[in-house]
Amino acid sequence: MSDIVEKTLTALPGLFLQNQLGGGPAAAKASFSSRLGSLVRGITALTSKHEEEKLIQQELSSLKATVSAPTTTLKMMKECMVRLIYCEMLGYDASFGYIHAIKLAQQGNLLEKRVGYLAVSLFLHESHELLLLLVNTVVKDLQSTNLVEVCMALTVVSQIFPREMIPAVLPLIEDKLQHSKEIIRRKAVLALYKFHLIAPNQVQHIHIKFRKALCDRDVGVMAASLHIYLRMIKENSSGYKDLTGSFVTILKQVVGGKLPVDFNYHSVPAPWLQIQLLRILGLLGKDDQRTSELMYDVLDESLRRAELNHNVTYAILFECVHTVYSIYPKSELLEKAAKCIGKFVLSPKINLKYLGLKALTYVIQQDPTLALQHQMTIIECLDHPDPIIKRETLELLYRITNAQNVTVIVQKMLEYLHQSKEEYVIVNLVGKIAELAEKYAPDNAWFIQTMNAVFSVGGDVMHPDIPNNFLRLLAEGFDDETEDQQLRLYAVQSYLTLLDMENVFYPQRFLQVMSWVLGEYSYLLDKETPAEVIAKLYKLLMNDSVSSETKTWLIAAVTKLTPQAHSSDTVERLIHEFTISLDTCMRQHAFELKHLHENVELMKSLLPVDRSCEDLAVDASLSFLDGFVAEGLSQGAAPYKPHHQRQEEKLSQEKVLNFEPYGLSFSSSGFTGRQSPAGISLGSDISGNSAETGLKETNSLKLEGIKKLWGKEGYLPKKESKTGNESGALPIPQESIMENVDQAITKKDQSQVLTQSKEEKEKQLLASSLFVGLGSESTVNLVTEQPGCCLPIMEAESTKSFQYSVQIEEPFTEGILSGFISYHMMDTHSAQLEFSVNLSLLDFIRPLKISSEDFGKLWLSFANDVKQNVKMSESQAALPSALKTLQQKLRLHIIEIIGNEGLLACQLLPSIPCLLHCRVYADVLALWFRSSCSTLPDYLLYQCQKVMEGS
Amino acid sequence: MQFMLLFSRQGKLRLQKWYVPLSDKEKKKITRELVQTVLARKPKMCSFLEWRDLKIVYKRYASLYFCCAIEDQDNELITLEIIHRYVELLDKYFGSVCELDIIFNFEKAYFILDEFLLGGEVQETSKKNVLKAIEQADLLQEKTEYHSKSFIGFKKAY
């Protein structure tokens with residue numbers, strides 16, 4: 001019954017529309033009988049979104065009834081599936097049909113299976129649970145004698161396959177690499193490529209087979225294997241240098257037109273293959289002269305051959321230029337590549353122009369003169385109607401910025417910024433402007449105004465580093481004290497002017513920056529008394545659009561200014577207002593202010609003027625409590641045991657056999673109470689902000705680095721060189737640059753200038769102000785290490801040796817690795833051999849050899865720390881001998897010993913670093929661990945205690 | 001390649017292929033944003049877009065927009081040629097293809113795409129080979145259909 005209803009319903013729109021759409025040659029092409037056809041026509045005829053929704057919902061409910069009806073044949077099911085795909089494409093949920101798609105792939109004949117597989121690949125994603133049900137079907141089809149079935153199975157595997165089920169199909173797919181049909185071999189290679197992407201260690205053992213695929217007699221199979229190689233070489237280029245010769249030979253053959261004509265594309269031989277090979281060569285030849293030398297010839301030939309005027313040759317040329325500039329340089333090739341870039345940049349076709357700019361951006365650091373050659377084109381592109389071109393031009397200019405052209409470039413960037421609405425663009429651009437402003441600011445006024453623009457536009461989406469760095473720069477200053485004071489004074493004045501404006505709203509982050517600066521540096525003002533500043537801050541505090549986080553910043557600023565103010569009406573009003581605030585944080589700050597306010601002398605000594613950069617001695621080991629502790633101990637109190645030790649003891653009492661304490665969970669929140677030194681020092685400086693730092697670590701301003709840790713030299717990296725740059729740059733006003741340049745041009749080429757129109761001349765001027773002082777940039781390479789682990793799949797054979805590597809996911813004290821080997825004797829039943837190995841955390845600890853400077857950097861970046869005092873035995877009372885013990889027993893690397901302090905570092909394999917800072921007082925060793933892993937410090941501390949007490 | 005979208009001048013999605021795992025919600029959001037952005041571009045503008053951290057390469061063929069998302073280091077021009085080769089394949093298969101062919105036979109368009117691009121990478125660039133693979137599958141299907149039909153006929157007659 002429902003079936004009939006459903007049929008009439010779906011047929012309705014079709015019947016309805018046959019008259020309207022009947023004519024037309026295009027409509028005639030579509031099959032009228034198909035229900036998809038009528039559905040599509042039904043939808044195209046509708047005028048409103050609402051009608052469409054109604055129709056699709058009808059369609060879906062009828063489909064739902066059909067697919068679950070037992071009478072539905074597979075052929076009908078196939079038809080339903082197509083309609084379901086269509087509904088999903090329109091954005092409606094058809095998840096009820098997913099299971100039927102899997103069934104169709106499983107049970108249907110070829111025609112139906114094909115649609116079933118297609119539906120599965122469109123409906124499901126890699127980690128969808130239903131995907132597991134497909135595995136059996138795939139295995140069956142991979143074993144089929146029908147080529148089409150095998151192809152379908154391989155196609156679906158290459159698109160989506162559950163990672164954990166790879167072992168089930170891997171041997172079958174490996175077999176297919178030897179298949180007689182090239183299409184099967186090709187698809188098998190691509191399936192393995194997919195596996196390499198989602199689970200690289202599962203296919204590690206078949207690398208040798210990839211090499212066979214690379215040498216396959218069929219071009220398609222070979223080309224498919226390049227996808228895998230490109231990926232693997234990207235990850236680790238040094239492992240594949242020996243293949244350079246092969247890649248060069250293949251490219252030579254392709255460029256020389258040795259491939260079958262089938263692979264030509266618009267009479268260019270196998271462009272996709274060429275590009276893939278060029279990319280691989282670029283990666284292999286990077287920073288490697290010997291390897292690069294092998295490819296110079298073929299690159300030269302590629303550049304020479306690509307002369308046809310078709311888009312695809314430009315694609316190859318572009319890649320070739322990229323490769324030439326990536327590998328070890330050869331001047332002859334660079335010259336040719338530079339010419340090619342010229343072809344792109346000067347092309348009237350906009351796509352090519354864009355790529356020309358992109359290429360210039362890429363090569364500009366190696367060859368800044370190239371930008372000079374094309375300066376007029378670049379200037380034109382700056383005012384291009386297409387924003388994409390403009391943006392790429394700005395990217396290029398960003399790379400060539402220096403102290404002389406910074407004002408012009410930043411101005412252009414700000415212009416673009418004001419027109420952008422997309423958040424991604426804003427965040428990106430704001431970061432670049434802030435960076436350039438910090439590096440190359442010509443004078444105070446310009447710097448503060450540019451940063452004002454950055455904060456107003458970038459506001460709450462920009463990277464938190466920007467305000468942090470800005471405040472640090474302001475606080476630390478440069479070498480020249482009067483210059484610093486002028487900068488601060490300018491900032492204060494500019495913020496007061498901004499706050500005076502009516503009906504202007506500033507982003508919260510900007511307000512926070514303002515309140516910190518006003519709180520710290522308002523004392524520099526002559527005219528305005530602190531009371532007036534407080535009044536302005538108070539006005540903001542009463543504003544509803546200001547967030548409660550910002551309000552704590554404001555209150556902190558008021559607190560700092562209070563001891564400087566003579567009259568305190570506003571402060572009293574504020575205390576009165578906020579001691580009854582519903583926001584507990586605000587209330588706390590208000591009470592703090594209230595109590596401090598009662599003792600002005602104390603307040604003055606607590607909040608001195610301009611002391612934000614001074615070192616505060618942070619007693620990390622809480623030694624001031626030593627007397628209290630000693631007293632407690634003498635009165636019979638139990639000695640303190642750290643959290644993990646207590647947990648462990650508790651566990652060992654409960655269960656004797658628990659070796660792996662999975663139950664332990666050291667939540668990181670447990671450690672936030674003991675904050676980083678930056679947090680502590682900030683807190684003791686401005687009580688208003690400390691709570692906020694703890695509460696909202698991610699989006700509040702962390703002034704880390706203002707304090708030097710431990711008050712000793714050498715731990716922290718020296719101040720960045722940018723400080724030097726900036727103070728070195730002469731504060732020449734922009735106009736004078738223009739004038740100078742103008743004169744230079746006039747002298748150099750007078751006749752040309754005379755014939756130029758005014759507009760041309762303006763462009764020239766802009767160009768000369770943009771491209772001054774090129775050629776001082778340098779590149780920095782960052783090397784990152786990749787953790788890896790290898791777990792080969794076991795196969796049954798007569799004799800074989802296996803190597804497994806064990807990796808720990810969570811730190812633990814002790815664990816057991818156990819397993820068994822079961823085997824069949826010739827005549828008897830099966831037997832089992834069991835084995836087990838005891839592993840301790842120390843088995844996975846290795847020394848970490850870093851410099852003190854890196855230590856300082858890492859230390860700041862780690863959030864998890866643990867501190868503990870350990871009593872040393874007589875034998876190791878001196879620091880060096882104690883550290884020696886740690887080095888020997890725990891494999892910690894001693895970085896440096898300075899006086900009574902020591903720095904050590906180690907890593908938990910594969911790559912979790914842990915840092916240790918030690919300090920000796922009498923016979924007490926204060927240990928302070930920090931790591932990126934939340935639990936590792938606890939476990940290491942435990943080991944340290946064991947070692948120190950044991951010996 | 002991260003994904004490929006085909007949509008009409010009116011902004012109706014005609015084909016979508018995602019090569020990276022994304023939630024349905026994200027897919028819808030991306031599609032909506034991209035269709036809007038691309039349709040707002042003027043005809044003389046360049047075929048590339050920077051969008052979030054991806055590069056979008058798009059091209060219009062008659063009433064249909066073909067739109068691919070690639071990573072920043074990928075080659076934009078060759079991606080344009082990928083689009084073009086796909087159009088050529090569709091054209092050859094359907095015989096001067098039009099938007100309606102793709103609307104009414106979108107599963108066929110998907111089959112062709114899967115033979116050409118697999119898992120986001122170019123699988124086969126030879127036009128002949130791609131079409132051969134499709135025809136092979138089509139042909140086998142017809143055969144099975146034919147067989148089952150004749151079998152039924154045979155049974156009845158018996």
# chains A, B, ... in the order shown; residues from 1 in each chain; ligands from 1

call {"tool": "interface_residues", "arguments": {"of": "chain B", "to": "chain A", "cutoff": "6 Å", "atoms": "only C-alpha atoms", "output": "PyMOL selection string"}}
result
chain B and resi 21+45-46+52+77-78+119+126+141

call {"tool": "write_last_selection", "arguments": {"atoms": "all heavy atoms", "output": "mmCIF file, in the first residue's frame"}}
result
data_model
loop_
_atom_site.group_PDB
_atom_site.id
_atom_site.type_symbol
_atom_site.label_atom_id
_atom_site.label_comp_id
_atom_site.auth_asym_id
_atom_site.auth_seq_id
_atom_site.Cartn_x
_atom_site.Cartn_y
_atom_site.Cartn_z
ATOM 1 N N PRO B 21 38.734 14.043 4.558
ATOM 2 C CA PRO B 21 37.579 13.790 5.421
ATOM 3 C C PRO B 21 37.120 15.067 6.122
ATOM 4 O O PRO B 21 37.899 15.719 6.803
ATOM 5 C CB PRO B 21 38.118 12.769 6.438
ATOM 6 C CG PRO B 21 39.593 12.883 6.409
ATOM 7 C CD PRO B 21 39.970 13.425 5.071
ATOM 8 N N MET B 45 38.762 38.432 -14.187
ATOM 9 C CA MET B 45 39.652 38.193 -13.051
ATOM 10 C C MET B 45 40.353 36.853 -13.180
ATOM 11 O O MET B 45 39.966 36.005 -13.968
ATOM 12 C CB MET B 45 38.861 38.243 -11.753
ATOM 13 C CG MET B 45 38.402 39.643 -11.410
ATOM 14 S SD MET B 45 37.611 39.636 -9.831
ATOM 15 C CE MET B 45 37.489 41.372 -9.502
ATOM 16 N N CYS B 46 41.381 36.661 -12.355
ATOM 17 C CA CYS B 46 42.171 35.464 -12.551
ATOM 18 C C CYS B 46 41.490 34.238 -11.939
ATOM 19 O O CYS B 46 40.611 34.368 -11.083
ATOM 20 C CB CYS B 46 43.600 35.653 -12.063
ATOM 21 S SG CYS B 46 43.974 35.202 -10.410
ATOM 22 N N ARG B 52 41.023 30.736 2.813
ATOM 23 C CA ARG B 52 41.588 30.155 4.040
ATOM 24 C C ARG B 52 43.040 29.800 3.738
ATOM 25 O O ARG B 52 43.745 30.612 3.157
ATOM 26 C CB ARG B 52 40.788 28.934 4.488
ATOM 27 C CG ARG B 52 39.361 29.337 4.855
ATOM 28 C CD ARG B 52 38.694 28.226 5.608
ATOM 29 N NE ARG B 52 37.259 28.483 5.695
ATOM 30 C CZ ARG B 52 36.394 27.607 6.133
ATOM 31 N NH1 ARG B 52 36.786 26.418 6.535
ATOM 32 N NH2 ARG B 52 35.114 27.912 6.211
ATOM 33 N N LEU B 77 48.333 26.106 -12.543
ATOM 34 C CA LEU B 77 48.071 25.996 -13.979
ATOM 35 C C LEU B 77 47.727 24.568 -14.372
ATOM 36 O O LEU B 77 46.834 24.329 -15.171
ATOM 37 C CB LEU B 77 49.287 26.480 -14.770
ATOM 38 C CG LEU B 77 49.441 27.983 -14.915
ATOM 39 C CD1 LEU B 77 50.694 28.284 -15.695
ATOM 40 C CD2 LEU B 77 48.235 28.590 -15.603
ATOM 41 N N ILE B 78 48.441 23.610 -13.782
ATOM 42 C CA ILE B 78 48.165 22.231 -14.169
ATOM 43 C C ILE B 78 46.793 21.811 -13.627
ATOM 44 O O ILE B 78 46.119 20.974 -14.222
ATOM 45 C CB ILE B 78 49.303 21.276 -13.721
ATOM 46 C CG1 ILE B 78 49.294 19.991 -14.555
ATOM 47 C CG2 ILE B 78 49.208 20.917 -12.267
ATOM 48 C CD1 ILE B 78 49.730 20.139 -15.963
ATOM 49 N N GLY B 119 41.539 9.381 -5.316
ATOM 50 C CA GLY B 119 42.080 9.836 -4.035
ATOM 51 C C GLY B 119 42.710 11.210 -4.130
ATOM 52 O O GLY B 119 43.623 11.537 -3.383
ATOM 53 N N SER B 126 45.870 9.611 -19.945
ATOM 54 C CA SER B 126 45.560 9.314 -21.328
ATOM 55 C C SER B 126 44.051 9.249 -21.501
ATOM 56 O O SER B 126 43.374 8.481 -20.837
ATOM 57 C CB SER B 126 46.204 7.983 -21.711
ATOM 58 O OG SER B 126 45.419 7.315 -22.650
ATOM 59 N N GLN B 141 28.325 -4.263 -18.101
ATOM 60 C CA GLN B 141 27.022 -4.099 -17.491
ATOM 61 C C GLN B 141 25.926 -4.457 -18.472
ATOM 62 O O GLN B 141 24.996 -5.170 -18.151
ATOM 63 C CB GLN B 141 26.848 -2.663 -17.045
ATOM 64 C CG GLN B 141 27.633 -2.375 -15.810
ATOM 65 C CD GLN B 141 27.534 -0.935 -15.437
ATOM 66 O OE1 GLN B 141 26.870 -0.161 -16.123
ATOM 67 N NE2 GLN B 141 28.192 -0.584 -14.377
#

call {"tool": "residues_around", "arguments": {"residues": "Tyr65 of chain B", "least_positions_apart": "5", "cutoff": "12 Å", "atoms": "only C-alpha atoms", "output": "number ranges by chain"}}
result
B: 4-16, 34-39, 41, 43, 47, 57-60, 80, 83-84, 87, 99

call {"tool": "write_last_selection", "arguments": {"atoms": "N, CA and C atoms", "output": "PDB file, in the first residue's frame"}}
result
ATOM      1  N   MET B   4      36.621  18.743  -5.252  1.00  0.00           N
ATOM      2  CA  MET B   4      36.203  19.325  -6.517  1.00  0.00           C
ATOM      3  C   MET B   4      34.703  19.574  -6.455  1.00  0.00           C
ATOM      4  N   LEU B   5      34.296  20.739  -6.897  1.00  0.00           N
ATOM      5  CA  LEU B   5      32.871  21.058  -6.903  1.00  0.00           C
ATOM      6  C   LEU B   5      32.473  21.514  -8.297  1.00  0.00           C
ATOM      7  N   LEU B   6      31.301  21.099  -8.709  1.00  0.00           N
ATOM      8  CA  LEU B   6      30.721  21.618  -9.951  1.00  0.00           C
ATOM      9  C   LEU B   6      29.426  22.299  -9.570  1.00  0.00           C
ATOM     10  N   PHE B   7      29.271  23.530  -9.990  1.00  0.00           N
ATOM     11  CA  PHE B   7      27.997  24.179  -9.695  1.00  0.00           C
ATOM     12  C   PHE B   7      27.578  25.078 -10.842  1.00  0.00           C
ATOM     13  N   SER B   8      26.285  25.383 -10.859  1.00  0.00           N
ATOM     14  CA  SER B   8      25.749  26.140 -11.988  1.00  0.00           C
ATOM     15  C   SER B   8      25.857  27.633 -11.711  1.00  0.00           C
ATOM     16  N   ARG B   9      25.536  28.404 -12.716  1.00  0.00           N
ATOM     17  CA  ARG B   9      25.607  29.850 -12.584  1.00  0.00           C
ATOM     18  C   ARG B   9      24.631  30.345 -11.519  1.00  0.00           C
ATOM     19  N   GLN B  10      23.568  29.545 -11.303  1.00  0.00           N
ATOM     20  CA  GLN B  10      22.601  29.931 -10.276  1.00  0.00           C
ATOM     21  C   GLN B  10      23.056  29.499  -8.881  1.00  0.00           C
ATOM     22  N   GLY B  11      24.208  28.854  -8.825  1.00  0.00           N
ATOM     23  CA  GLY B  11      24.718  28.446  -7.524  1.00  0.00           C
ATOM     24  C   GLY B  11      24.254  27.072  -7.077  1.00  0.00           C
ATOM     25  N   LYS B  12      23.649  26.302  -8.008  1.00  0.00           N
ATOM     26  CA  LYS B  12      23.209  24.951  -7.648  1.00  0.00           C
ATOM     27  C   LYS B  12      24.368  23.977  -7.795  1.00  0.00           C
ATOM     28  N   LEU B  13      24.549  23.180  -6.769  1.00  0.00           N
ATOM     29  CA  LEU B  13      25.624  22.205  -6.805  1.00  0.00           C
ATOM     30  C   LEU B  13      25.256  21.074  -7.763  1.00  0.00           C
ATOM     31  N   ARG B  14      26.198  20.705  -8.630  1.00  0.00           N
ATOM     32  CA  ARG B  14      25.913  19.647  -9.594  1.00  0.00           C
ATOM     33  C   ARG B  14      26.746  18.401  -9.342  1.00  0.00           C
ATOM     34  N   LEU B  15      27.859  18.559  -8.684  1.00  0.00           N
ATOM     35  CA  LEU B  15      28.731  17.418  -8.426  1.00  0.00           C
ATOM     36  C   LEU B  15      29.669  17.830  -7.302  1.00  0.00           C
ATOM     37  N   GLN B  16      29.943  16.922  -6.393  1.00  0.00           N
ATOM     38  CA  GLN B  16      30.921  17.231  -5.342  1.00  0.00           C
ATOM     39  C   GLN B  16      31.740  15.994  -5.040  1.00  0.00           C
ATOM     40  N   LEU B  34      32.173  29.099  -0.925  1.00  0.00           N
ATOM     41  CA  LEU B  34      32.924  29.114  -2.176  1.00  0.00           C
ATOM     42  C   LEU B  34      32.051  29.488  -3.353  1.00  0.00           C
ATOM     43  N   VAL B  35      30.840  28.923  -3.394  1.00  0.00           N
ATOM     44  CA  VAL B  35      29.948  29.219  -4.514  1.00  0.00           C
ATOM     45  C   VAL B  35      29.707  30.722  -4.565  1.00  0.00           C
ATOM     46  N   GLN B  36      29.470  31.296  -3.404  1.00  0.00           N
ATOM     47  CA  GLN B  36      29.248  32.745  -3.333  1.00  0.00           C
ATOM     48  C   GLN B  36      30.457  33.529  -3.840  1.00  0.00           C
ATOM     49  N   THR B  37      31.630  33.145  -3.313  1.00  0.00           N
ATOM     50  CA  THR B  37      32.837  33.887  -3.682  1.00  0.00           C
ATOM     51  C   THR B  37      33.122  33.785  -5.172  1.00  0.00           C
ATOM     52  N   VAL B  38      33.014  32.570  -5.695  1.00  0.00           N
ATOM     53  CA  VAL B  38      33.361  32.381  -7.107  1.00  0.00           C
ATOM     54  C   VAL B  38      32.365  33.096  -8.000  1.00  0.00           C
ATOM     55  N   LEU B  39      31.087  33.002  -7.663  1.00  0.00           N
ATOM     56  CA  LEU B  39      30.086  33.639  -8.516  1.00  0.00           C
ATOM     57  C   LEU B  39      30.228  35.156  -8.502  1.00  0.00           C
ATOM     58  N   ARG B  41      32.983  36.740  -8.596  1.00  0.00           N
ATOM     59  CA  ARG B  41      34.170  37.187  -9.331  1.00  0.00           C
ATOM     60  C   ARG B  41      33.783  37.659 -10.730  1.00  0.00           C
ATOM     61  N   PRO B  43      34.393  38.332 -14.802  1.00  0.00           N
ATOM     62  CA  PRO B  43      34.940  37.420 -15.819  1.00  0.00           C
ATOM     63  C   PRO B  43      36.416  37.660 -16.146  1.00  0.00           C
ATOM     64  N   SER B  47      41.858  33.082 -12.421  1.00  0.00           N
ATOM     65  CA  SER B  47      41.141  31.854 -12.082  1.00  0.00           C
ATOM     66  C   SER B  47      41.545  31.267 -10.741  1.00  0.00           C
ATOM     67  N   VAL B  57      41.107  26.851  -7.542  1.00  0.00           N
ATOM     68  CA  VAL B  57      41.282  27.041  -8.977  1.00  0.00           C
ATOM     69  C   VAL B  57      39.921  26.778  -9.609  1.00  0.00           C
ATOM     70  N   TYR B  58      39.429  27.743 -10.355  1.00  0.00           N
ATOM     71  CA  TYR B  58      38.105  27.521 -10.928  1.00  0.00           C
ATOM     72  C   TYR B  58      38.075  27.940 -12.386  1.00  0.00           C
ATOM     73  N   LYS B  59      37.144  27.367 -13.103  1.00  0.00           N
ATOM     74  CA  LYS B  59      36.973  27.780 -14.487  1.00  0.00           C
ATOM     75  C   LYS B  59      35.521  27.583 -14.884  1.00  0.00           C
ATOM     76  N   ARG B  60      35.045  28.466 -15.710  1.00  0.00           N
ATOM     77  CA  ARG B  60      33.658  28.360 -16.118  1.00  0.00           C
ATOM     78  C   ARG B  60      33.592  27.780 -17.522  1.00  0.00           C
ATOM     79  N   LEU B  80      44.236  23.760 -13.607  1.00  0.00           N
ATOM     80  CA  LEU B  80      43.313  24.242 -14.645  1.00  0.00           C
ATOM     81  C   LEU B  80      43.224  23.222 -15.776  1.00  0.00           C
ATOM     82  N   ILE B  83      41.055  20.300 -14.862  1.00  0.00           N
ATOM     83  CA  ILE B  83      39.653  20.629 -15.097  1.00  0.00           C
ATOM     84  C   ILE B  83      39.337  20.479 -16.585  1.00  0.00           C
ATOM     85  N   HIS B  84      40.248  21.014 -17.392  1.00  0.00           N
ATOM     86  CA  HIS B  84      39.996  20.982 -18.829  1.00  0.00           C
ATOM     87  C   HIS B  84      39.954  19.546 -19.349  1.00  0.00           C
ATOM     88  N   VAL B  87      36.714  18.001 -18.528  1.00  0.00           N
ATOM     89  CA  VAL B  87      35.669  18.472 -19.440  1.00  0.00           C
ATOM     90  C   VAL B  87      35.779  17.754 -20.781  1.00  0.00           C
ATOM     91  N   GLU B  99      25.175  21.019 -19.453  1.00  0.00           N
ATOM     92  CA  GLU B  99      24.882  20.916 -18.031  1.00  0.00           C
ATOM     93  C   GLU B  99      23.836  19.838 -17.747  1.00  0.00           C
TER      94      GLU B  99
END

call {"tool": "residues_around", "arguments": {"residues": "segment 869-872 of chain A", "least_positions_apart": "3", "cutoff": "12 Å", "atoms": "only C-alpha atoms", "output": "PyMOL selection string"}}
result
chain A and resi 620-623+625-626+629+639-642+866+875-879+881-883+885+917-929+941-951

call {"tool": "atom_distance", "arguments": {"atom1": "atom CA of Ile56 of chain B", "atom2": "atom CA of Ile70 of chain B"}}
result
6.3 Å

call {"tool": "atom_distance", "arguments": {"atom1": "atom CA of Gln635 of chain A", "atom2": "atom CA of Ser873 of chain A"}}
result
23.0 Å

call {"tool": "select_by_dssp", "arguments": {"residues": "segment 140-287 of chain A", "states": "strand (DSSP E)", "output": "list of chain:residue names"}}
result
A:Asn264, A:Tyr265, A:Val268, A:Pro269

call {"tool": "write_last_selection", "arguments": {"atoms": "N, CA and C atoms", "output": "PDB file, in the first residue's frame"}}
result
ATOM      1  N   ASN A 264      50.241  12.316 -24.683  1.00  0.00           N
ATOM      2  CA  ASN A 264      50.352  13.729 -25.030  1.00  0.00           C
ATOM      3  C   ASN A 264      49.082  14.454 -24.635  1.00  0.00           C
ATOM      4  N   TYR A 265      49.271  15.672 -24.213  1.00  0.00           N
ATOM      5  CA  TYR A 265      48.116  16.507 -23.913  1.00  0.00           C
ATOM      6  C   TYR A 265      48.322  17.784 -24.688  1.00  0.00           C
ATOM      7  N   VAL A 268      51.722  18.216 -25.944  1.00  0.00           N
ATOM      8  CA  VAL A 268      52.820  18.309 -24.977  1.00  0.00           C
ATOM      9  C   VAL A 268      52.946  16.933 -24.327  1.00  0.00           C
ATOM     10  N   PRO A 269      54.142  16.367 -24.300  1.00  0.00           N
ATOM     11  CA  PRO A 269      54.262  15.022 -23.740  1.00  0.00           C
ATOM     12  C   PRO A 269      54.041  14.974 -22.223  1.00  0.00           C
TER      13      PRO A 269
END

call {"tool": "select_by_dssp", "arguments": {"residues": "chain B", "states": "alpha helix (DSSP H)", "output": "ChimeraX atom specification"}}
result
/B:24-40,76-94,99-104,106-116,127-157

call {"tool": "residues_around", "arguments": {"residues": "Arg163 of chain A", "least_positions_apart": "2", "cutoff": "7 Å", "atoms": "only C-alpha atoms", "output": "list in words"}}
result
Phe161, Met165, Ile166, Ile198 and Ala199 of chain A

call {"tool": "atom_distance", "arguments": {"atom1": "atom CA of Ala557 of chain A", "atom2": "atom CA of His463 of chain A"}}
result
23.2 Å

call {"tool": "residues_around", "arguments": {"residues": "Phe116 of chain B", "least_positions_apart": "6", "cutoff": "9 Å", "atoms": "only C-alpha atoms", "output": "number ranges by chain"}}
result
B: 85-86, 89, 122-127, 130
